[in-house]
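The structure file entry_22.cif is reproduced below (mmCIF, C-alpha atoms).
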```
data_model
loop_
_atom_site.group_PDB
_atom_site.id
_atom_site.type_symbol
_atom_site.label_atom_id
_atom_site.label_comp_id
_atom_site.auth_asym_id
_atom_site.auth_seq_id
_atom_site.Cartn_x
_atom_site.Cartn_y
_atom_site.Cartn_z
ATOM 1 C CA MET X 42 42.795 33.886 42.094
ATOM 2 C CA ALA X 43 42.417 32.154 45.453
ATOM 3 C CA VAL X 44 39.036 30.657 46.251
ATOM 4 C CA LEU X 45 37.192 31.774 49.362
ATOM 5 C CA ARG X 46 36.410 28.958 51.756
ATOM 6 C CA HIS X 47 32.815 27.769 51.934
ATOM 7 C CA GLY X 48 30.864 29.966 54.330
ATOM 8 C CA PHE X 49 33.299 32.872 54.207
ATOM 9 C CA LYS X 50 30.865 35.259 52.520
ATOM 10 C CA ALA X 51 28.221 34.603 55.184
ATOM 11 C CA ASP X 52 30.856 35.073 57.891
ATOM 12 C CA ALA X 53 31.922 38.351 56.278
ATOM 13 C CA ASN X 54 28.406 39.730 56.403
ATOM 14 C CA GLY X 55 28.156 38.405 59.959
ATOM 15 C CA HIS X 56 31.158 40.599 60.840
ATOM 16 C CA ALA X 57 29.594 43.613 59.077
ATOM 17 C CA VAL X 58 26.348 43.226 61.019
ATOM 18 C CA ALA X 59 27.927 42.348 64.379
ATOM 19 C CA LEU X 60 30.232 45.357 64.254
ATOM 20 C CA ARG X 61 27.323 47.674 63.406
ATOM 21 C CA ARG X 62 25.367 46.329 66.362
ATOM 22 C CA GLU X 63 28.354 46.768 68.695
ATOM 23 C CA LEU X 64 28.554 50.362 67.483
ATOM 24 C CA GLN X 65 24.795 50.813 68.077
ATOM 25 C CA LEU X 66 24.079 51.099 64.370
ATOM 26 C CA ALA X 67 21.281 49.549 62.321
ATOM 27 C CA ASP X 68 22.272 46.520 60.222
ATOM 28 C CA HIS X 69 21.841 48.597 57.052
ATOM 29 C CA ALA X 70 23.485 51.794 58.315
ATOM 30 C CA PRO X 71 26.615 53.317 56.785
ATOM 31 C CA LEU X 72 29.772 52.351 58.683
ATOM 32 C CA CYS X 73 32.581 54.888 58.913
ATOM 33 C CA PRO X 74 35.919 53.052 58.630
ATOM 34 C CA TRP X 75 37.698 55.715 60.714
ATOM 35 C CA ARG X 76 35.192 55.098 63.528
ATOM 36 C CA LEU X 77 35.589 51.354 63.104
ATOM 37 C CA ALA X 78 39.372 51.648 63.337
ATOM 38 C CA LYS X 79 39.043 53.578 66.579
ATOM 39 C CA TYR X 80 36.682 50.930 67.943
ATOM 40 C CA LEU X 81 39.081 48.141 67.009
ATOM 41 C CA GLU X 82 41.986 50.158 68.422
ATOM 42 C CA VAL X 83 43.880 50.081 65.157
ATOM 43 C CA PRO X 84 45.790 53.377 64.750
ATOM 44 C CA ILE X 85 45.368 55.029 61.363
ATOM 45 C CA VAL X 86 48.180 57.215 60.099
ATOM 46 C CA PRO X 87 47.737 59.493 57.070
ATOM 47 C CA LEU X 88 50.718 59.436 54.718
ATOM 48 C CA SER X 89 50.996 63.237 54.906
ATOM 49 C CA GLU X 90 51.829 62.892 58.597
ATOM 50 C CA LEU X 91 55.183 61.345 57.632
ATOM 51 C CA LYS X 92 56.228 64.334 55.528
ATOM 52 C CA SER X 93 58.801 65.515 58.063
ATOM 53 C CA CYS X 94 60.277 61.988 58.580
ATOM 54 C CA GLU X 95 60.590 60.980 54.939
ATOM 55 C CA PRO X 96 60.072 64.052 52.705
ATOM 56 C CA ALA X 97 61.220 62.484 49.422
ATOM 57 C CA GLY X 98 59.212 59.267 49.756
ATOM 58 C CA VAL X 99 56.061 61.044 50.841
ATOM 59 C CA ARG X 100 56.427 63.679 48.111
ATOM 60 C CA TYR X 101 56.655 60.928 45.487
ATOM 61 C CA LEU X 102 53.755 58.875 46.860
ATOM 62 C CA THR X 103 51.482 61.894 47.153
ATOM 63 C CA GLY X 104 52.532 63.304 43.781
ATOM 64 C CA LYS X 105 53.884 61.484 40.744
ATOM 65 C CA GLY X 106 53.498 58.061 42.334
ATOM 66 C CA LYS X 107 50.151 58.786 44.006
ATOM 67 C CA SER X 108 48.392 55.908 42.279
ATOM 68 C CA LEU X 109 51.052 53.413 43.401
ATOM 69 C CA PHE X 110 50.254 53.468 47.080
ATOM 70 C CA SER X 111 46.870 52.993 48.740
ATOM 71 C CA ALA X 112 47.414 51.654 52.226
ATOM 72 C CA VAL X 113 49.574 49.280 54.201
ATOM 73 C CA THR X 114 49.525 47.648 57.614
ATOM 74 C CA ILE X 115 52.762 47.571 59.534
ATOM 75 C CA PHE X 116 53.320 45.522 62.659
ATOM 76 C CA VAL X 117 55.009 46.845 65.761
ATOM 77 C CA GLY X 118 55.324 45.730 69.375
ATOM 78 C CA ARG X 119 57.133 43.084 71.341
ATOM 79 C CA HIS X 120 55.871 40.229 69.184
ATOM 80 C CA GLY X 121 55.506 42.365 66.085
ATOM 81 C CA CYS X 122 51.771 41.804 65.982
ATOM 82 C CA LYS X 123 50.250 45.197 66.780
ATOM 83 C CA ARG X 124 48.916 46.803 63.654
ATOM 84 C CA VAL X 125 49.263 50.370 62.512
ATOM 85 C CA VAL X 126 47.684 51.344 59.194
ATOM 86 C CA LEU X 127 49.300 53.896 56.918
ATOM 87 C CA HIS X 128 47.087 55.188 54.121
ATOM 88 C CA ASN X 129 47.336 57.622 51.262
ATOM 89 C CA ASP X 130 45.230 60.581 52.329
ATOM 90 C CA THR X 131 45.652 62.296 48.975
ATOM 91 C CA HIS X 132 43.210 59.831 47.385
ATOM 92 C CA ALA X 133 39.499 60.598 47.089
ATOM 93 C CA LYS X 134 37.650 60.125 50.379
ATOM 94 C CA SER X 135 35.663 57.169 48.997
ATOM 95 C CA ARG X 136 38.874 55.449 47.933
ATOM 96 C CA GLN X 137 40.434 56.119 51.324
ATOM 97 C CA ALA X 138 37.391 54.489 52.908
ATOM 98 C CA ALA X 139 37.777 51.402 50.706
ATOM 99 C CA ASN X 140 41.519 51.231 51.427
ATOM 100 C CA LEU X 141 40.967 51.481 55.177
ATOM 101 C CA ALA X 142 38.139 48.952 55.109
ATOM 102 C CA HIS X 143 40.472 46.555 53.298
ATOM 103 C CA GLU X 144 43.196 46.942 55.936
ATOM 104 C CA LEU X 145 40.637 46.660 58.751
ATOM 105 C CA ALA X 146 39.346 43.482 57.137
ATOM 106 C CA HIS X 147 42.846 42.041 57.567
ATOM 107 C CA ALA X 148 42.743 43.165 61.223
ATOM 108 C CA ILE X 149 39.289 41.688 61.884
ATOM 109 C CA LEU X 150 40.345 38.384 60.355
ATOM 110 C CA ILE X 151 43.628 38.642 62.297
ATOM 111 C CA HIS X 152 45.655 37.780 59.239
ATOM 112 C CA PRO X 153 49.323 37.297 60.118
ATOM 113 C CA PRO X 154 51.964 39.614 58.632
ATOM 114 C CA THR X 155 53.669 38.777 55.368
ATOM 115 C CA PRO X 156 57.019 40.115 54.177
ATOM 116 C CA PRO X 157 56.878 43.469 52.353
ATOM 117 C CA PHE X 158 55.879 43.295 48.675
ATOM 118 C CA THR X 159 54.432 39.832 49.081
ATOM 119 C CA ALA X 160 50.912 38.753 49.855
ATOM 120 C CA ASP X 161 49.054 35.695 51.071
ATOM 121 C CA ALA X 162 46.650 35.091 48.189
ATOM 122 C CA VAL X 163 43.881 33.676 50.384
ATOM 123 C CA ALA X 164 44.188 36.483 52.951
ATOM 124 C CA GLU X 165 44.083 39.068 50.164
ATOM 125 C CA GLU X 166 41.000 37.506 48.634
ATOM 126 C CA GLU X 167 39.268 37.456 52.029
ATOM 127 C CA ALA X 168 40.109 41.114 52.695
ATOM 128 C CA LYS X 169 38.975 42.025 49.183
ATOM 129 C CA TRP X 170 35.589 40.559 49.996
ATOM 130 C CA LEU X 171 35.236 41.654 53.614
ATOM 131 C CA GLY X 172 36.395 45.264 53.090
ATOM 132 C CA PRO X 173 33.520 46.276 50.775
ATOM 133 C CA THR X 174 31.078 44.138 52.813
ATOM 134 C CA LEU X 175 31.953 46.157 55.906
ATOM 135 C CA LEU X 176 31.084 49.363 54.071
ATOM 136 C CA VAL X 177 27.931 48.049 52.362
ATOM 137 C CA SER X 178 26.481 45.084 54.246
ATOM 138 C CA ASN X 179 23.938 42.803 52.556
ATOM 139 C CA GLU X 180 21.283 44.589 54.603
ATOM 140 C CA ALA X 181 22.535 47.951 53.363
ATOM 141 C CA ALA X 182 22.432 46.718 49.758
ATOM 142 C CA LEU X 183 18.847 45.512 50.204
ATOM 143 C CA HIS X 184 17.909 48.808 51.855
ATOM 144 C CA ILE X 185 19.378 50.796 48.953
ATOM 145 C CA VAL X 186 17.508 48.715 46.368
ATOM 146 C CA ALA X 187 14.251 48.685 48.342
ATOM 147 C CA LYS X 188 14.353 52.469 48.668
ATOM 148 C CA ALA X 189 15.173 52.761 44.944
ATOM 149 C CA MET X 190 18.052 55.105 45.766
ATOM 150 C CA LEU X 191 20.091 56.566 42.948
ATOM 151 C CA THR X 192 23.557 55.029 42.806
ATOM 152 C CA SER X 193 25.129 58.452 43.271
ATOM 153 C CA THR X 194 22.953 59.222 46.309
ATOM 154 C CA ALA X 195 23.623 55.865 47.933
ATOM 155 C CA ALA X 196 27.353 56.063 47.204
ATOM 156 C CA GLU X 197 27.516 59.439 48.906
ATOM 157 C CA LEU X 198 25.441 58.228 51.854
ATOM 158 C CA TYR X 199 27.681 55.191 52.392
ATOM 159 C CA GLY X 200 30.900 57.070 51.669
ATOM 160 C CA VAL X 201 31.936 54.722 48.866
ATOM 161 C CA SER X 202 32.614 54.976 45.151
ATOM 162 C CA GLU X 203 29.795 54.235 42.737
ATOM 163 C CA SER X 204 31.736 51.260 41.374
ATOM 164 C CA LEU X 205 32.127 49.710 44.844
ATOM 165 C CA LEU X 206 28.438 50.273 45.521
ATOM 166 C CA GLU X 207 27.394 48.703 42.219
ATOM 167 C CA MET X 208 29.635 45.732 42.916
ATOM 168 C CA ARG X 209 28.044 45.214 46.343
ATOM 169 C CA LEU X 210 24.494 45.576 44.946
ATOM 170 C CA ASN X 211 25.324 42.856 42.432
ATOM 171 C CA VAL X 212 27.263 40.364 44.526
ATOM 172 C CA SER X 213 25.000 40.645 47.568
ATOM 173 C CA GLY X 214 22.077 39.521 45.417
ATOM 174 C CA ALA X 215 20.091 42.554 46.611
ATOM 175 C CA ARG X 216 18.709 43.361 43.163
ATOM 176 C CA ILE X 217 17.587 39.793 42.503
ATOM 177 C CA ARG X 218 15.997 39.496 45.928
ATOM 178 C CA GLN X 219 14.171 42.799 45.511
ATOM 179 C CA SER X 220 12.844 41.876 42.078
ATOM 180 C CA ARG X 221 11.588 38.545 43.464
ATOM 181 C CA ARG X 222 9.882 40.383 46.306
ATOM 182 C CA SER X 223 8.160 42.813 43.979
ATOM 183 C CA LYS X 224 6.802 39.925 41.871
ATOM 184 C CA LEU X 225 5.050 38.405 44.894
ATOM 185 C CA MET L 57 48.800 48.538 106.583
ATOM 186 C CA GLN L 58 50.997 47.197 103.833
ATOM 187 C CA ASN L 59 53.083 49.710 101.945
ATOM 188 C CA ARG L 60 51.929 49.537 98.316
ATOM 189 C CA ASN L 61 55.442 50.290 97.131
ATOM 190 C CA PHE L 62 56.645 46.937 98.475
ATOM 191 C CA MET L 63 53.816 44.807 97.104
ATOM 192 C CA PRO L 64 54.985 42.247 94.568
ATOM 193 C CA LYS L 65 53.715 43.258 91.153
ATOM 194 C CA GLY L 66 52.169 40.462 89.109
ATOM 195 C CA LEU L 67 51.022 41.350 85.635
ATOM 196 C CA PHE L 68 49.010 39.479 83.059
ATOM 197 C CA ASP L 69 50.989 39.151 79.830
ATOM 198 C CA ALA L 70 48.179 39.680 77.345
ATOM 199 C CA GLU L 71 50.414 39.350 74.290
ATOM 200 C CA GLU L 72 51.720 35.953 75.393
ATOM 201 C CA PHE L 73 48.156 34.890 76.135
ATOM 202 C CA PHE L 74 47.069 35.889 72.653
ATOM 203 C CA LYS L 75 50.007 34.033 71.129
ATOM 204 C CA ALA L 76 49.083 30.913 73.111
ATOM 205 C CA LEU L 77 45.460 31.226 71.937
ATOM 206 C CA ASP L 78 46.706 31.426 68.366
ATOM 207 C CA ASP L 79 48.663 28.204 68.886
ATOM 208 C CA VAL L 80 45.549 26.466 70.221
ATOM 209 C CA ARG L 81 43.509 27.844 67.312
ATOM 210 C CA GLU L 82 46.032 26.537 64.797
ATOM 211 C CA SER L 83 46.253 23.127 66.436
ATOM 212 C CA ARG L 84 42.459 22.839 66.232
ATOM 213 C CA LYS L 85 42.485 24.123 62.637
ATOM 214 C CA LEU L 86 40.001 26.890 63.353
ATOM 215 C CA THR L 87 39.556 30.393 61.969
ATOM 216 C CA TRP L 88 39.369 33.315 64.388
ATOM 217 C CA LYS L 89 35.670 33.628 63.525
ATOM 218 C CA GLN L 90 35.177 30.058 64.720
ATOM 219 C CA VAL L 91 37.113 30.852 67.905
ATOM 220 C CA ALA L 92 34.759 33.802 68.451
ATOM 221 C CA ASP L 93 31.699 31.633 67.853
ATOM 222 C CA LYS L 94 32.871 28.741 70.025
ATOM 223 C CA SER L 95 34.156 30.851 72.924
ATOM 224 C CA LYS L 96 31.273 33.386 72.714
ATOM 225 C CA VAL L 97 33.806 36.202 72.669
ATOM 226 C CA SER L 98 33.204 38.818 69.983
ATOM 227 C CA ALA L 99 35.526 38.945 66.980
ATOM 228 C CA SER L 100 36.151 42.621 67.750
ATOM 229 C CA THR L 101 37.389 41.697 71.238
ATOM 230 C CA LEU L 102 39.824 39.249 69.646
ATOM 231 C CA THR L 103 41.010 41.942 67.218
ATOM 232 C CA ARG L 104 41.590 44.351 70.113
ATOM 233 C CA MET L 105 43.452 41.611 71.983
ATOM 234 C CA ALA L 106 45.657 41.164 68.926
ATOM 235 C CA GLN L 107 46.346 44.894 69.288
ATOM 236 C CA GLY L 108 47.626 44.298 72.818
ATOM 237 C CA ARG L 109 44.453 45.147 74.742
ATOM 238 C CA ARG L 110 43.946 43.059 77.886
ATOM 239 C CA PRO L 111 40.670 41.129 77.761
ATOM 240 C CA ASP L 112 37.911 41.892 80.255
ATOM 241 C CA VAL L 113 37.359 39.270 82.956
ATOM 242 C CA ASP L 114 34.391 37.596 81.244
ATOM 243 C CA SER L 115 36.165 37.334 77.904
ATOM 244 C CA MET L 116 39.296 36.021 79.575
ATOM 245 C CA ALA L 117 37.305 33.382 81.495
ATOM 246 C CA ALA L 118 35.543 32.326 78.288
ATOM 247 C CA LEU L 119 38.819 32.080 76.354
ATOM 248 C CA LEU L 120 40.573 30.165 79.135
ATOM 249 C CA LYS L 121 37.665 27.721 79.252
ATOM 250 C CA TRP L 122 37.621 27.299 75.483
ATOM 251 C CA SER L 123 41.387 26.898 75.163
ATOM 252 C CA GLY L 124 42.120 24.894 78.298
ATOM 253 C CA LEU L 125 44.977 27.307 79.049
ATOM 254 C CA SER L 126 45.795 28.368 82.596
ATOM 255 C CA ALA L 127 45.813 32.062 83.534
ATOM 256 C CA ASP L 128 48.727 31.396 85.934
ATOM 257 C CA SER L 129 50.994 30.701 82.970
ATOM 258 C CA PHE L 130 50.657 34.313 81.852
ATOM 259 C CA ILE L 131 51.251 36.060 85.168
ATOM 260 C CA VAL L 132 54.667 37.634 85.122
ATOM 261 C CA ASP L 133 56.608 39.680 87.650
ATOM 262 C CA GLY L 134 57.288 43.333 87.024
ATOM 263 C CA ASP L 135 56.510 45.384 84.001
ATOM 264 C CA VAL L 136 55.954 43.867 80.619
ATOM 265 C CA THR L 137 56.950 46.436 78.087
ATOM 266 C CA ASP L 138 57.799 46.222 74.459
ATOM 267 C CA ALA L 139 60.917 48.199 75.164
ATOM 268 C CA GLU L 140 62.432 45.054 76.712
ATOM 269 C CA ILE L 141 62.564 43.262 73.406
ATOM 270 C CA PRO L 142 62.519 45.851 70.666
ATOM 271 C CA SER L 143 61.393 44.638 67.263
ATOM 272 C CA PRO L 144 64.362 44.978 64.902
ATOM 273 C CA LEU L 145 63.789 47.015 61.808
ATOM 274 C CA ALA L 146 64.852 44.051 59.734
ATOM 275 C CA SER L 147 61.784 42.171 60.941
ATOM 276 C CA LEU L 148 59.474 44.792 59.511
ATOM 277 C CA ALA L 149 56.602 42.931 58.019
ATOM 278 C CA ALA L 150 53.697 44.296 56.166
ATOM 279 C CA GLN L 151 50.603 43.321 54.356
ATOM 280 C CA PHE L 152 50.989 45.432 51.317
ATOM 281 C CA ARG L 153 48.299 46.127 48.840
ATOM 282 C CA ARG L 154 49.689 46.908 45.444
ATOM 283 C CA ASP L 155 47.674 48.623 42.784
ATOM 284 C CA ARG L 156 49.913 47.471 39.956
ATOM 285 C CA ASN L 157 53.491 46.456 39.255
ATOM 286 C CA LEU L 158 55.647 48.982 41.005
ATOM 287 C CA PRO L 159 58.383 50.883 39.186
ATOM 288 C CA PRO L 160 61.721 50.831 41.081
ATOM 289 C CA GLU L 161 61.341 54.441 42.267
ATOM 290 C CA GLY L 162 57.892 53.613 43.629
ATOM 291 C CA LYS L 163 59.226 50.617 45.507
ATOM 292 C CA ARG L 164 62.082 52.701 46.923
ATOM 293 C CA ALA L 165 59.698 55.452 48.010
ATOM 294 C CA ILE L 166 57.404 52.959 49.726
ATOM 295 C CA GLU L 167 60.268 51.159 51.450
ATOM 296 C CA ALA L 168 61.728 54.445 52.717
ATOM 297 C CA THR L 169 58.320 55.616 53.902
ATOM 298 C CA LEU L 170 57.605 52.326 55.654
ATOM 299 C CA LYS L 171 60.945 52.451 57.441
ATOM 300 C CA ALA L 172 60.258 56.034 58.513
ATOM 301 C CA MET L 173 56.822 55.026 59.718
ATOM 302 C CA TYR L 174 58.144 52.028 61.582
ATOM 303 C CA GLN L 175 60.736 54.145 63.375
ATOM 304 C CA HIS L 176 58.265 56.922 64.045
ATOM 305 C CA PHE L 177 55.486 54.704 65.375
ATOM 306 C CA SER L 178 57.363 51.869 67.060
ATOM 307 C CA HIS L 179 56.498 53.514 70.388
ATOM 308 C CA LEU L 180 52.898 52.389 69.823
ATOM 309 C CA GLY L 181 53.992 48.976 70.925
ATOM 310 C CA ASP L 182 55.023 50.302 74.340
#
```

What does the file become when written as C-alpha cells?
Amino acid sequence: MAVLRHGFKADANGHAVALRRELQLADHAPLCPWRLAKYLEVPIVPLSELKSCEPAGVRYLTGKGKSLFSAVTIFVGRHGCKRVVLHNDTHAKSRQAANLAHELAHAILIHPPTPPFTADAVAEEEAKWLGPTLLVSNEAALHIVAKAMLTSTAAELYGVSESLLEMRLNVSGARIRQSRRSKL
Amino acid sequence: MQNRNFMPKGLFDAEEFFKALDDVRESRKLTWKQVADKSKVSASTLTRMAQGRRPDVDSMAALLKWSGLSADSFIVDGDVTDAEIPSPLASLAAQFRRDRNLPPEGKRAIEATLKAMYQHFSHLGD
C-alpha cells in the first residue's frame, strides 16, 4: 500500500471544507457528489445510458458482472485531459455516491490518466482517502458524534453507507475528540 | 465602423495554458494544492481549467504571475477546437477502479463499454 505524503490528510479535509464553502454549505453539511460534479464541470454518465451503444457489455456489467464495475474516468479532448466519469447506476445510491466521490477526488487532485486496467498506487491511495473525506468532512464527523446521531440516521443524512460513515468517524478522530471534550 | 466579420479573431488557448502550468508545476515539484495555495486560485478553478474551462481574468492574472508565463504565448488565430486534432481511440486512457481481479468476460465487457463511451462522448471535448 502506498503511503500518503505528510500533510495530505489535512489537505484533503481542506478540499472538503473549501468546496462546501464555495457551494454555500456549512463545513459539516452533507455534500452531494452529483452537485459537486456539476460544480467542477465533470460530466457524469450512468452506465445504463450506454445500453443502446454497447448492449452486451452494459447488460453484463449491470447484471451478472454488476459487482465488477463501479466507476471509471475516461479522458477526451484535444489533449486527452478532459474527464468524463462513467459509473454503475445499478449499485445502491450510497455506493454510487462513494464511487463518484472517488472519481471526483481524482479530478480535484488533477491526477493524470493511466492506461486502462492499471493504476498509480499513490494516486489511488489519495483518492481513497479524499473521496470519503469529501462526503464526510472532519467537521461532519464531529457534528455527528456531538449530536449523538445513530449511525443509520447519519448515514442516510450524508448519503453514505454505514461502513463508510463508521470509517470516517474513526479515522477523523471525531470520537476521541468528543470523548476528550466531554471529560473537560 | 469596422465590419465585425473582418476582425481578426484571436483566441486564448486555455488547454495549452493549462498544459504549460502543469509543466511549471512539475518543474517546481509542487502538487496542484500547493499551486492553488501559492497562486491564491481555488483548487476547484484549477479542476475546471483542467476540464477545458477558460479561467476568469483574476485567476488568469494570478496564475500568470505565479508561473511567470506570458498570456501572449497562448493567443492563437482562429478557432481552437478539439476536432482539429482528434484523440485516437488507441490513446484511450482511464483511471480504473477495480473491485477485484476481473474475469476475462468482465474485462471484455468493460473494454467494450469504455470504447462505446469514448466514441459516444468524444464530442464533449469539442

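Taking only C-alpha atoms into account, chain X lies nearest to L:Leu158 out of the set L:Val91, L:Val80, L:Ala70, L:Leu158.
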
Quick one: which chain X residues come within 6 Å of chain L, and what is the nearest atom pair for each with the distance in Å to one decimal, counting only C-alpha atoms, rows ordered by chain and ascending number, as CSV?
```
residue,atom,partner,partner_atom,distance
X:Leu81,CA,L:Arg104,CA,5.5
X:Cys94,CA,L:Ala172,CA,6.0
X:Glu95,CA,L:Thr169,CA,5.9
X:Gly98,CA,L:Ala165,CA,4.2
X:Leu109,CA,L:Asp155,CA,5.9
X:Val113,CA,L:Phe152,CA,5.0
X:Thr114,CA,L:Gln151,CA,5.5
X:Ile115,CA,L:Ala150,CA,4.8
X:Val117,CA,L:Gly181,CA,5.7
X:Gly118,CA,L:Gly181,CA,3.8
X:Arg119,CA,L:Asp138,CA,4.5
X:Lys123,CA,L:Gln107,CA,4.7
X:Ile149,CA,L:Thr103,CA,5.6
X:Pro154,CA,L:Ala150,CA,5.6
X:Thr155,CA,L:Gln151,CA,5.6
X:Pro156,CA,L:Ala149,CA,4.8
X:Pro157,CA,L:Ala150,CA,5.0
X:Phe158,CA,L:Phe152,CA,6.0
```

| said: What does the structure give for the distance between atom CA of Leu150 of chain X and atom CA of Tyr80 of chain X, in Å to one decimal? | reply: 15.1 Å

| task | Run the PyMOL selection byres ((chain X and resi 191-203) around 7) against the file shown and list the residues it catches, as an NGL selection string. | result | :X and (71 or 135-136 or 138-139 or 176 or 185 or 189-190 or 204-207)

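Across the model, the gap from atom CA of Lys169 of chain X to atom CA of Arg124 of chain X is 18.2 Å.
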
| Which neighbours of segment 116-122 of chain L fall inside 8 Å, counting all atoms listed in the file, when residues of the same chain fewer than 3 positions from it are skipped, and could you give them as a PyMOL selection string? | chain L and resi 94-97+111-113+125-127

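Atom CA of Leu45 of chain X sits 6.9 Å away from atom CA of Glu166 of chain X.
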
| request: Considering all atoms listed in the file, state which residue in the set L:Ala76, L:Leu86, L:Arg110, L:Ala92 is at the smallest distance from Gly124 of chain L. | output: L:Ala76

| request: May I have the protein, DNA and RNA residues with an atom at most 10 Å from (29.0, 43.9, 55.1), counting only C-alpha atoms in the file's coordinates, returned as an MDAnalysis selection string? | output: chainID X and resid 50:61 68:69 71:72 170:182 209 213

| said: Once the PyMOL selection byres ((chain X and resi 79) around 12) is applied to the coordinates I shared, what remains selected? I want it as a ChimeraX atom specification. | reply: /X:64,73-78,80-86,125-126,141,145 /L:100,103-104,107

Would you mind completing segment 78-95 of chain L to N, CA and C atoms and writing the output as an mmCIF file, in the frame of the given file?
```
data_model
loop_
_atom_site.group_PDB
_atom_site.id
_atom_site.type_symbol
_atom_site.label_atom_id
_atom_site.label_comp_id
_atom_site.auth_asym_id
_atom_site.auth_seq_id
_atom_site.Cartn_x
_atom_site.Cartn_y
_atom_site.Cartn_z
ATOM 1 N N ASP L 78 46.487 31.650 69.797
ATOM 2 C CA ASP L 78 46.706 31.426 68.366
ATOM 3 C C ASP L 78 47.244 30.009 68.127
ATOM 4 N N ASP L 79 48.131 29.567 69.014
ATOM 5 C CA ASP L 79 48.663 28.204 68.886
ATOM 6 C C ASP L 79 47.546 27.163 69.031
ATOM 7 N N VAL L 80 46.676 27.396 70.018
ATOM 8 C CA VAL L 80 45.549 26.466 70.221
ATOM 9 C C VAL L 80 44.643 26.487 68.993
ATOM 10 N N ARG L 81 44.364 27.695 68.505
ATOM 11 C CA ARG L 81 43.509 27.844 67.312
ATOM 12 C C ARG L 81 44.086 27.060 66.136
ATOM 13 N N GLU L 82 45.406 27.223 65.931
ATOM 14 C CA GLU L 82 46.032 26.537 64.797
ATOM 15 C C GLU L 82 45.997 25.026 64.970
ATOM 16 N N SER L 83 46.243 24.581 66.205
ATOM 17 C CA SER L 83 46.253 23.127 66.436
ATOM 18 C C SER L 83 44.869 22.519 66.222
ATOM 19 N N ARG L 84 43.827 23.341 66.439
ATOM 20 C CA ARG L 84 42.459 22.839 66.232
ATOM 21 C C ARG L 84 41.943 23.159 64.828
ATOM 22 N N LYS L 85 42.831 23.774 64.027
ATOM 23 C CA LYS L 85 42.485 24.123 62.637
ATOM 24 C C LYS L 85 41.199 24.962 62.549
ATOM 25 N N LEU L 86 41.173 26.021 63.337
ATOM 26 C CA LEU L 86 40.001 26.890 63.353
ATOM 27 C C LEU L 86 40.363 28.276 62.824
ATOM 28 N N THR L 87 39.361 28.976 62.312
ATOM 29 C CA THR L 87 39.556 30.393 61.969
ATOM 30 C C THR L 87 39.269 31.200 63.241
ATOM 31 N N TRP L 88 39.665 32.468 63.221
ATOM 32 C CA TRP L 88 39.369 33.315 64.388
ATOM 33 C C TRP L 88 37.870 33.512 64.555
ATOM 34 N N LYS L 89 37.136 33.492 63.449
ATOM 35 C CA LYS L 89 35.670 33.628 63.525
ATOM 36 C C LYS L 89 35.102 32.431 64.285
ATOM 37 N N GLN L 90 35.656 31.254 64.011
ATOM 38 C CA GLN L 90 35.177 30.058 64.720
ATOM 39 C C GLN L 90 35.548 30.123 66.202
ATOM 40 N N VAL L 91 36.721 30.677 66.495
ATOM 41 C CA VAL L 91 37.113 30.852 67.905
ATOM 42 C C VAL L 91 36.098 31.772 68.593
ATOM 43 N N ALA L 92 35.736 32.854 67.894
ATOM 44 C CA ALA L 92 34.759 33.802 68.451
ATOM 45 C C ALA L 92 33.427 33.099 68.701
ATOM 46 N N ASP L 93 32.991 32.319 67.719
ATOM 47 C CA ASP L 93 31.699 31.633 67.853
ATOM 48 C C ASP L 93 31.726 30.602 68.982
ATOM 49 N N LYS L 94 32.809 29.828 69.036
ATOM 50 C CA LYS L 94 32.871 28.741 70.025
ATOM 51 C C LYS L 94 33.081 29.273 71.447
ATOM 52 N N SER L 95 33.864 30.338 71.576
ATOM 53 C CA SER L 95 34.156 30.851 72.924
ATOM 54 C C SER L 95 33.114 31.881 73.372
#
```
